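Enquirer: Enclosed is the structure file target17.cif (mmCIF, C-alpha atoms).
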```cif
data_structure
loop_
_atom_site.label_atom_id
_atom_site.label_comp_id
_atom_site.auth_asym_id
_atom_site.auth_seq_id
_atom_site.Cartn_x
_atom_site.Cartn_y
_atom_site.Cartn_z
CA MET L 1 0.00 0.00 0.00
CA PRO L 2 1.39 3.42 -0.91
CA VAL L 3 1.14 5.64 2.17
CA GLY L 4 -1.18 8.63 1.89
CA THR L 5 -1.02 9.80 5.49
CA TYR L 6 -3.08 12.99 5.08
CA GLY L 7 -5.24 11.65 2.25
CA VAL L 8 -2.54 12.16 -0.35
CA VAL L 9 0.50 10.17 -1.45
CA LYS L 10 2.95 13.06 -1.41
CA THR L 11 3.57 14.69 -4.83
CA LEU L 12 1.27 12.19 -6.58
CA SER L 13 -2.37 12.25 -7.69
CA PRO L 14 -4.93 9.45 -7.36
CA GLU L 15 -4.66 9.02 -11.14
CA ASP L 16 -0.91 8.45 -10.78
CA ILE L 17 -1.45 5.74 -8.16
CA GLU L 18 -4.07 4.04 -10.32
CA LYS L 19 -1.86 4.14 -13.42
CA LEU L 20 0.94 2.56 -11.39
CA GLY L 21 -1.36 -0.41 -10.78
CA TYR L 22 -2.12 -0.10 -7.08
CA GLU L 23 -5.45 -1.37 -5.77
CA LEU L 24 -5.20 -0.26 -2.12
CA ILE L 25 -3.72 2.73 -0.31
CA LEU L 26 -3.20 3.58 3.36
CA CYS L 27 -4.25 6.75 5.14
CA ASN L 28 -3.85 7.77 8.77
CA THR L 29 -6.67 8.05 11.29
CA TYR L 30 -4.80 10.33 13.71
CA HIS L 31 -3.74 12.90 11.14
CA LEU L 32 -7.12 12.99 9.38
CA LEU L 33 -8.84 13.47 12.75
CA LEU L 34 -6.75 16.61 13.24
CA ARG L 35 -7.11 17.85 9.65
CA PRO L 36 -9.61 18.16 8.05
CA GLY L 37 -11.46 16.72 11.05
CA GLU L 38 -14.52 14.70 11.94
CA GLU L 39 -17.25 17.24 11.21
CA PHE L 40 -15.74 18.12 7.84
CA MET L 41 -15.62 14.46 6.83
CA LYS L 42 -19.26 13.96 7.85
CA ARG L 43 -20.33 16.89 5.69
CA PHE L 44 -18.12 16.02 2.73
CA GLY L 45 -19.19 12.41 2.51
CA GLY L 46 -16.06 10.48 3.33
CA LEU L 47 -12.49 10.02 2.28
CA HIS L 48 -13.03 8.37 -1.12
CA LYS L 49 -15.00 11.35 -2.36
CA PHE L 50 -12.62 13.83 -0.73
CA MET L 51 -9.58 12.26 -2.42
CA ASN L 52 -11.37 11.30 -5.64
CA TRP L 53 -10.06 7.75 -5.14
CA ASN L 54 -12.49 5.01 -6.12
CA LYS L 55 -10.49 1.99 -5.00
CA PRO L 56 -10.05 0.57 -1.48
CA ILE L 57 -8.51 2.46 1.45
CA LEU L 58 -7.09 1.09 4.70
CA THR L 59 -6.64 3.44 7.64
CA ASP L 60 -4.29 2.62 10.48
CA SER L 61 -5.65 3.35 13.93
CA GLY L 62 -3.32 6.01 15.27
CA GLY L 63 -1.42 3.57 17.47
CA PHE L 64 1.90 4.43 15.84
CA GLN L 65 1.37 8.12 16.60
CA ILE L 66 0.75 7.22 20.25
CA MET L 67 4.37 6.05 20.17
CA SER L 68 5.96 8.64 17.90
CA LEU L 69 4.31 11.64 19.62
CA ALA L 70 5.02 10.40 23.14
CA LYS L 71 5.88 13.86 24.48
CA MET L 72 2.44 15.18 23.53
CA ARG L 73 0.14 12.50 24.92
CA LYS L 74 -1.05 10.68 28.03
CA ILE L 75 -2.24 7.07 27.93
CA HIS L 76 -4.81 5.68 30.35
CA GLU L 77 -7.20 2.76 30.29
CA GLY L 78 -9.90 4.82 28.62
CA GLY L 79 -7.72 5.87 25.71
CA VAL L 80 -5.20 8.53 24.78
CA GLU L 81 -5.25 12.27 25.38
CA PHE L 82 -2.93 14.28 23.18
CA ARG L 83 -2.19 17.80 22.13
CA SER L 84 -2.33 18.52 18.43
CA HIS L 85 1.14 19.02 16.99
CA ILE L 86 -0.47 21.69 14.80
CA ASP L 87 -2.11 24.08 17.26
CA GLY L 88 -2.04 22.43 20.69
CA THR L 89 -5.76 21.57 20.77
CA LEU L 90 -6.58 18.74 23.19
CA TYR L 91 -7.96 15.57 21.59
CA LYS L 92 -9.13 12.30 23.09
CA LEU L 93 -8.77 9.11 21.10
CA THR L 94 -10.39 5.97 22.47
CA PRO L 95 -10.72 2.53 20.86
CA GLU L 96 -14.38 3.35 20.19
CA LYS L 97 -13.58 6.77 18.75
CA ALA L 98 -10.94 5.35 16.42
CA VAL L 99 -13.38 2.80 14.99
CA GLN L 100 -16.23 5.30 14.73
CA PHE L 101 -14.08 7.90 12.95
CA GLN L 102 -12.85 5.31 10.47
CA LYS L 103 -16.50 4.54 9.75
CA ILE L 104 -17.13 8.25 9.14
CA LEU L 105 -14.16 8.24 6.76
CA GLY L 106 -15.93 5.45 4.90
CA VAL L 107 -12.78 3.40 4.45
CA ASP L 108 -12.81 -0.22 3.34
CA ILE L 109 -10.54 -1.61 6.07
CA SER L 110 -10.35 -0.16 9.58
CA VAL L 111 -7.73 -1.06 12.19
CA ALA L 112 -8.24 -1.35 15.95
CA LEU L 113 -6.42 1.06 18.26
CA ASP L 114 -3.36 -0.48 19.91
CA ILE L 115 -0.43 0.42 22.14
CA CYS L 116 2.90 0.34 20.33
CA PRO L 117 5.91 0.96 22.62
CA ALA L 118 9.13 2.09 20.97
CA HIS L 119 12.25 -0.05 21.19
CA PRO L 120 13.99 -0.36 23.58
CA ALA L 121 11.31 -0.92 26.19
CA SER L 122 11.31 -3.10 29.29
CA LYS L 123 9.52 -6.42 29.22
CA GLU L 124 7.16 -5.08 31.88
CA GLU L 125 6.21 -2.12 29.69
CA ILE L 126 5.68 -4.37 26.67
CA SER L 127 3.59 -6.78 28.76
CA LEU L 128 1.31 -3.97 29.93
CA ALA L 129 0.96 -2.77 26.34
CA VAL L 130 -0.02 -6.28 25.21
CA GLU L 131 -2.65 -6.55 27.94
CA ARG L 132 -4.13 -3.15 27.17
CA THR L 133 -4.07 -3.78 23.42
CA THR L 134 -6.15 -6.92 24.03
CA ARG L 135 -8.70 -5.03 26.13
CA TRP L 136 -8.86 -2.24 23.56
CA ALA L 137 -9.28 -4.82 20.77
CA GLN L 138 -12.47 -6.12 22.38
CA ARG L 139 -13.78 -2.58 22.82
CA SER L 140 -12.99 -1.88 19.16
CA LEU L 141 -15.00 -4.91 18.08
CA ASN L 142 -17.89 -3.84 20.30
CA ALA L 143 -17.86 -0.42 18.64
CA ARG L 144 -17.77 -1.46 15.01
CA GLU L 145 -20.88 -1.18 12.89
CA GLU L 146 -22.42 -3.88 10.77
CA ASN L 147 -20.33 -4.72 7.68
CA GLN L 148 -17.38 -2.64 8.92
CA ILE L 149 -14.22 -4.60 8.15
CA LEU L 150 -11.85 -4.40 11.13
CA PHE L 151 -8.30 -5.72 11.60
CA GLY L 152 -6.82 -6.53 15.01
CA VAL L 153 -3.22 -5.68 15.90
CA THR L 154 -0.80 -7.97 17.70
CA GLN L 155 2.09 -6.63 19.77
CA GLY L 156 4.82 -8.04 22.01
CA GLY L 157 8.07 -6.27 21.16
CA ILE L 158 11.08 -8.57 20.82
CA TYR L 159 9.72 -11.09 23.35
CA GLU L 160 8.45 -14.32 21.84
CA ASP L 161 6.35 -15.27 24.83
CA LEU L 162 4.57 -11.91 24.73
CA ARG L 163 4.15 -12.14 20.96
CA LYS L 164 2.59 -15.58 21.38
CA LYS L 165 0.29 -14.32 24.13
CA SER L 166 -0.83 -11.34 22.07
CA ILE L 167 -1.42 -13.42 18.95
CA GLU L 168 -3.45 -16.02 20.87
CA GLU L 169 -5.61 -13.34 22.47
CA ILE L 170 -6.18 -11.18 19.39
CA THR L 171 -6.79 -14.08 17.00
CA SER L 172 -9.38 -15.54 19.35
CA MET L 173 -11.55 -12.53 18.49
CA PRO L 174 -13.66 -12.24 15.31
CA PHE L 175 -11.49 -9.75 13.42
CA ASP L 176 -11.47 -9.79 9.62
CA GLY L 177 -7.67 -9.72 9.41
CA PHE L 178 -4.66 -9.53 11.69
CA SER L 179 -1.69 -7.16 11.83
CA ILE L 180 1.82 -7.61 13.16
CA GLY L 181 2.46 -4.31 14.94
CA GLY L 182 5.41 -2.94 16.85
CA VAL L 183 7.99 -3.83 14.20
CA SER L 184 10.48 -1.31 12.79
CA VAL L 185 10.14 0.89 15.88
CA GLY L 186 13.85 1.10 16.66
CA GLU L 187 15.01 -2.51 16.78
CA SER L 188 17.73 -3.92 14.53
CA LYS L 189 17.06 -5.61 11.18
CA VAL L 190 17.95 -8.96 12.75
CA TRP L 191 15.26 -8.52 15.40
CA GLN L 192 12.72 -7.31 12.82
CA HIS L 193 13.16 -10.50 10.83
CA ARG L 194 13.04 -12.67 13.95
CA ILE L 195 9.75 -11.11 15.03
CA VAL L 196 8.20 -11.69 11.61
CA GLU L 197 9.54 -15.25 11.38
CA PHE L 198 8.01 -16.05 14.76
CA SER L 199 4.73 -14.16 14.44
CA ALA L 200 3.48 -14.64 10.89
CA PRO L 201 3.12 -18.45 10.99
CA LEU L 202 1.02 -18.16 14.16
CA LEU L 203 -1.62 -15.97 12.49
CA PRO L 204 -4.67 -17.61 10.88
CA LYS L 205 -3.95 -18.59 7.29
CA ASP L 206 -7.52 -18.02 6.15
CA LYS L 207 -7.50 -14.28 6.91
CA PRO L 208 -5.24 -11.46 5.66
CA ARG L 209 -1.94 -11.06 7.52
CA TYR L 210 -0.62 -7.51 7.53
CA LEU L 211 2.88 -6.36 8.50
CA MET L 212 2.62 -2.72 9.50
CA GLY L 213 5.15 -0.12 8.46
CA MET L 214 7.95 -1.97 6.68
CA GLY L 215 10.02 -2.30 4.63
CA LYS L 216 12.66 -2.56 1.92
CA PRO L 217 12.19 -5.06 -0.93
CA THR L 218 14.28 -7.73 0.79
CA ASP L 219 12.22 -7.25 3.98
CA ILE L 220 9.00 -7.74 2.04
CA ILE L 221 10.28 -10.87 0.28
CA HIS L 222 11.39 -12.28 3.63
CA ALA L 223 8.00 -11.52 5.20
CA VAL L 224 6.05 -13.08 2.33
CA ARG L 225 8.12 -16.23 2.75
CA CYS L 226 6.97 -16.19 6.40
CA GLY L 227 3.32 -15.85 5.38
CA VAL L 228 2.55 -12.11 5.28
CA ASP L 229 0.08 -10.77 2.69
CA LEU L 230 -0.17 -6.98 3.12
CA PHE L 231 2.39 -4.22 3.57
CA ASP L 232 2.63 -0.46 3.83
CA CYS L 233 5.77 1.63 3.95
CA VAL L 234 6.73 5.27 3.45
CA LEU L 235 10.16 4.35 2.05
CA PRO L 236 9.40 4.54 -1.68
CA THR L 237 8.05 8.09 -1.55
CA ARG L 238 10.09 9.40 1.38
CA MET L 239 13.36 8.23 -0.12
CA GLY L 240 12.27 9.48 -3.52
CA ARG L 241 11.78 12.97 -2.11
CA HIS L 242 15.34 12.76 -0.80
CA HIS L 243 16.78 11.79 -4.22
CA ALA L 244 17.19 8.08 -3.46
CA LEU L 245 16.04 5.67 -6.18
CA PHE L 246 15.45 1.94 -5.89
CA THR L 247 17.28 -0.12 -8.50
CA LEU L 248 18.09 -3.81 -8.85
CA SER L 249 21.71 -2.91 -8.04
CA GLY L 250 20.71 -1.18 -4.82
CA ILE L 251 19.60 2.30 -3.80
CA VAL L 252 21.29 5.09 -5.79
CA ASN L 253 21.59 8.80 -5.05
CA ILE L 254 20.63 10.56 -8.25
CA THR L 255 22.46 13.74 -7.15
CA ASN L 256 25.78 11.86 -7.35
CA SER L 257 28.09 13.44 -9.94
CA ARG L 258 28.15 10.28 -12.07
CA PHE L 259 24.56 11.04 -13.12
CA ALA L 260 25.14 14.69 -14.00
CA SER L 261 25.58 14.12 -17.75
CA LEU L 262 24.21 10.59 -18.15
CA ASP L 263 21.79 10.49 -21.07
CA ALA L 264 20.39 7.11 -20.00
CA PRO L 265 18.18 5.53 -17.32
CA TRP L 266 19.51 5.30 -13.76
CA ASP L 267 18.55 1.60 -13.83
CA PRO L 268 18.34 0.08 -17.34
CA GLU L 269 16.61 -2.98 -15.84
CA SER L 270 13.88 -0.87 -14.24
CA VAL L 271 12.39 1.50 -16.79
CA PHE L 272 8.70 2.22 -16.23
CA PRO L 273 6.14 3.93 -18.51
CA LEU L 274 5.50 7.03 -16.38
CA THR L 275 9.20 7.93 -16.12
CA ALA L 276 10.70 6.23 -19.19
CA LYS L 277 11.47 9.48 -21.02
CA ILE L 278 13.35 11.06 -18.09
CA SER L 279 17.14 10.90 -18.36
CA SER L 280 19.41 10.57 -15.33
CA ALA L 281 20.98 13.91 -16.19
CA TYR L 282 17.62 15.69 -16.20
CA LEU L 283 16.47 14.25 -12.87
CA HIS L 284 19.90 15.07 -11.40
CA HIS L 285 19.46 18.65 -12.63
CA LEU L 286 15.94 18.96 -11.18
CA PHE L 287 17.11 17.92 -7.72
CA LYS L 288 20.13 20.22 -7.88
CA ILE L 289 17.95 23.27 -8.59
CA GLY L 290 15.36 22.29 -5.96
CA GLU L 291 12.57 21.73 -8.47
CA PRO L 292 9.52 19.98 -6.88
CA LEU L 293 9.04 17.95 -10.07
CA ALA L 294 12.15 15.97 -9.08
CA ALA L 295 10.45 14.49 -6.01
CA ARG L 296 7.42 13.57 -8.10
CA ILE L 297 9.49 11.74 -10.74
CA ALA L 298 11.53 9.90 -8.11
CA SER L 299 8.38 8.90 -6.21
CA LEU L 300 6.77 7.62 -9.41
CA HIS L 301 9.84 5.51 -10.14
CA ASN L 302 10.11 4.07 -6.65
CA LEU L 303 6.42 3.16 -6.43
CA ALA L 304 6.61 1.58 -9.89
CA PHE L 305 9.60 -0.43 -8.65
CA TYR L 306 7.59 -1.63 -5.64
CA GLU L 307 4.51 -2.42 -7.74
CA ARG L 308 6.65 -4.61 -10.02
CA LEU L 309 8.15 -6.26 -6.93
CA MET L 310 4.69 -7.26 -5.71
CA ARG L 311 3.67 -8.55 -9.14
CA GLU L 312 6.84 -10.60 -9.35
CA ILE L 313 6.32 -11.98 -5.85
CA ARG L 314 2.88 -13.23 -6.91
CA MET L 315 4.36 -14.71 -10.08
CA ALA L 316 7.17 -16.40 -8.12
CA ILE L 317 4.62 -18.02 -5.81
CA ARG L 318 2.45 -19.25 -8.68
CA GLU L 319 5.34 -20.51 -10.84
CA ASP L 320 7.70 -21.68 -8.09
CA LYS L 321 10.42 -19.17 -8.97
CA TRP L 322 11.27 -18.10 -5.45
CA ASN L 323 15.03 -18.61 -5.83
CA TRP L 324 14.99 -16.43 -8.96
CA LEU L 325 13.10 -13.73 -7.08
CA GLU L 326 15.48 -13.66 -4.11
CA GLU L 327 18.48 -13.49 -6.43
CA ARG L 328 16.92 -10.70 -8.49
CA TYR L 329 16.29 -8.45 -5.47
CA LYS L 330 19.26 -9.46 -3.30
CA ASN L 331 20.80 -5.96 -3.46
CA CYS L 332 17.58 -4.19 -2.54
#
```
Could I get this file's structure written as structure tokens?

Expert:
Amino acid sequence: MPVGTYGVVKTLSPEDIEKLGYELILCNTYHLLLRPGEEFMKRFGGLHKFMNWNKPILTDSGGFQIMSLAKMRKIHEGGVEFRSHIDGTLYKLTPEKAVQFQKILGVDISVALDICPAHPASKEEISLAVERTTRWAQRSLNAREENQILFGVTQGGIYEDLRKKSIEEITSMPFDGFSIGGVSVGESKVWQHRIVEFSAPLLPKDKPRYLMGMGKPTDIIHAVRCGVDLFDCVLPTRMGRHHALFTLSGIVNITNSRFASLDAPWDPESVFPLTAKISSAYLHHLFKIGEPLAARIASLHNLAFYERLMREIRMAIREDKWNWLEERYKNC
């Protein structure tokens, strides 16, 4: 899922995302609650209409922001109180409120509110987060409306016993899909892969399994091998805005001097329709002069690279070409 936190994938239009071949995007409950807000969304008729996006949307619950904006919030059993990072207004986000607002947004997949401690955290802190996430999961289910698709989130940090506990508790509830949360929150790559290797096989195989917030192509391939189905990550667009391009040889910095006069693609093996006519020299020039078009072109390329990755993963599964796939993306 391309990440459209505020209802937009930065620098790109809904038509761009559709032309790239994506069927599902992610937006953020917390940020949309702040701007444009609940009353606006009620009046406007939901997020699909607001964005002019006619395909599915998943909204995360705001649990990640509970972690990332720790200095601006207070957590208690009822929910979270936080000050807007925009103007300091006090907001209260409860499990019920998160589900209800996602219904107002009219999204296709909602996610239950969870507690996501940053790494490193003590086992006691992680244990308390797991217990509260379970209680909030039940409240989220109680709050959902008929036909509202809702995913539960599992937590547990780097502790396998807590991961197992969380997965057993959350998957015992009638969610429509299950997320692996609390990954890529400060832990090393080794730990990220260990968590996924342990957690994914424990999730029900007859419902979608969603790894939240990661990762690079090799991370995605590894997670699919473990059993994960859905991903979101800001890397393709964020790195694109900072002149980093995904190629089969690895990530390249287009502002490097070797691209300054190169009248050729930056990756001859990854030339995509929406950026095929752009030379390395021209994109290098656009970044050097601070032209916003540069970030758009780089984001288009990176998302096209990821869309091809996902198509080739599906092909590798169908045709038993997994070794070919891992070799092809080994530098990514």

Enquirer: Which residue, L:Gly106, L:Ala200, L:Ile195, L:Asp263, has the smallest gap to L:Arg225 when you use all atoms listed in the file?

Expert: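 Nearest candidate to L:Arg225 out of L:Gly106, L:Ala200, L:Ile195, L:Asp263: L:Ala200.
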
Enquirer: Could you name the residues that touch L:Glu125 at 10 Å or less, counting all atoms listed in the file, but leaving out those on the same chain fewer than 4 positions away, as a ChimeraX atom specification?

Expert: /L:117,121,129-130,156-157

Enquirer: Taking the file above as input, evaluate the PyMOL selection byres ((chain L and resi 76) around 12) and report the hits as an MDAnalysis selection string.

Expert: chainID L and resid 66 73:75 77:82 92:95 115 128:129 132:133 136

Enquirer: Any chance you could work out the residue set of the PyMOL selection byres ((chain L and resi 100) around 12) here, as a VMD selection string?

Expert: chain L and resid 29 33 38 42 61 93 to 99 101 to 107 110 to 113 139 to 146 148 150

Enquirer: In Å, how far is it from atom CA of L:Phe178 to atom CA of L:Pro208?

Expert: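 Separation of atom CA of L:Phe178 and atom CA of L:Pro208: 6.4 Å.
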
Enquirer: What lies within 10 Å of stretch 204-206 of chain L using only C-alpha atoms, ignoring chain neighbours under 4 positions off, as JSON, numbers by chain?

Expert: {"L": [167, 171, 172, 176, 177, 178, 200, 227, 228, 229]}

Enquirer: So what do you get for atom CA of L:Asn52 versus atom CA of L:Cys233, distance-wise?

Expert: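 Here the two named atoms are 21.9 Å from each other.
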
Enquirer: Once the PyMOL selection byres ((chain L and resi 239) around 10) has been evaluated on this model, what residues remain selected, and can you format them as a list of chain:residue names?

Expert: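 Output of the PyMOL selection byres ((chain L and resi 239) around 10): L:Val234, L:Leu235, L:Pro236, L:Thr237, L:Arg238, L:Gly240, L:Arg241, L:His242, L:His243, L:Ala244, L:Leu245, L:Phe246, L:Ile251, L:Asn253, L:Ala295, L:Ala298, L:Ser299, L:Asn302.
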
Enquirer: What does the distance between atom CA of L:Phe231 and atom CA of L:Glu326 come to in Å, to one decimal place?

Expert: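 For atom CA of L:Phe231 relative to atom CA of L:Glu326, the distance reads 17.9 Å.
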
Enquirer: Which residue is closest to L:Glu131? Choose from L:Asp232, L:Asp108, L:Glu169, L:Asp320 and count all atoms listed in the file.

Expert: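 That would be L:Glu169, the residue with the smallest distance to L:Glu131.
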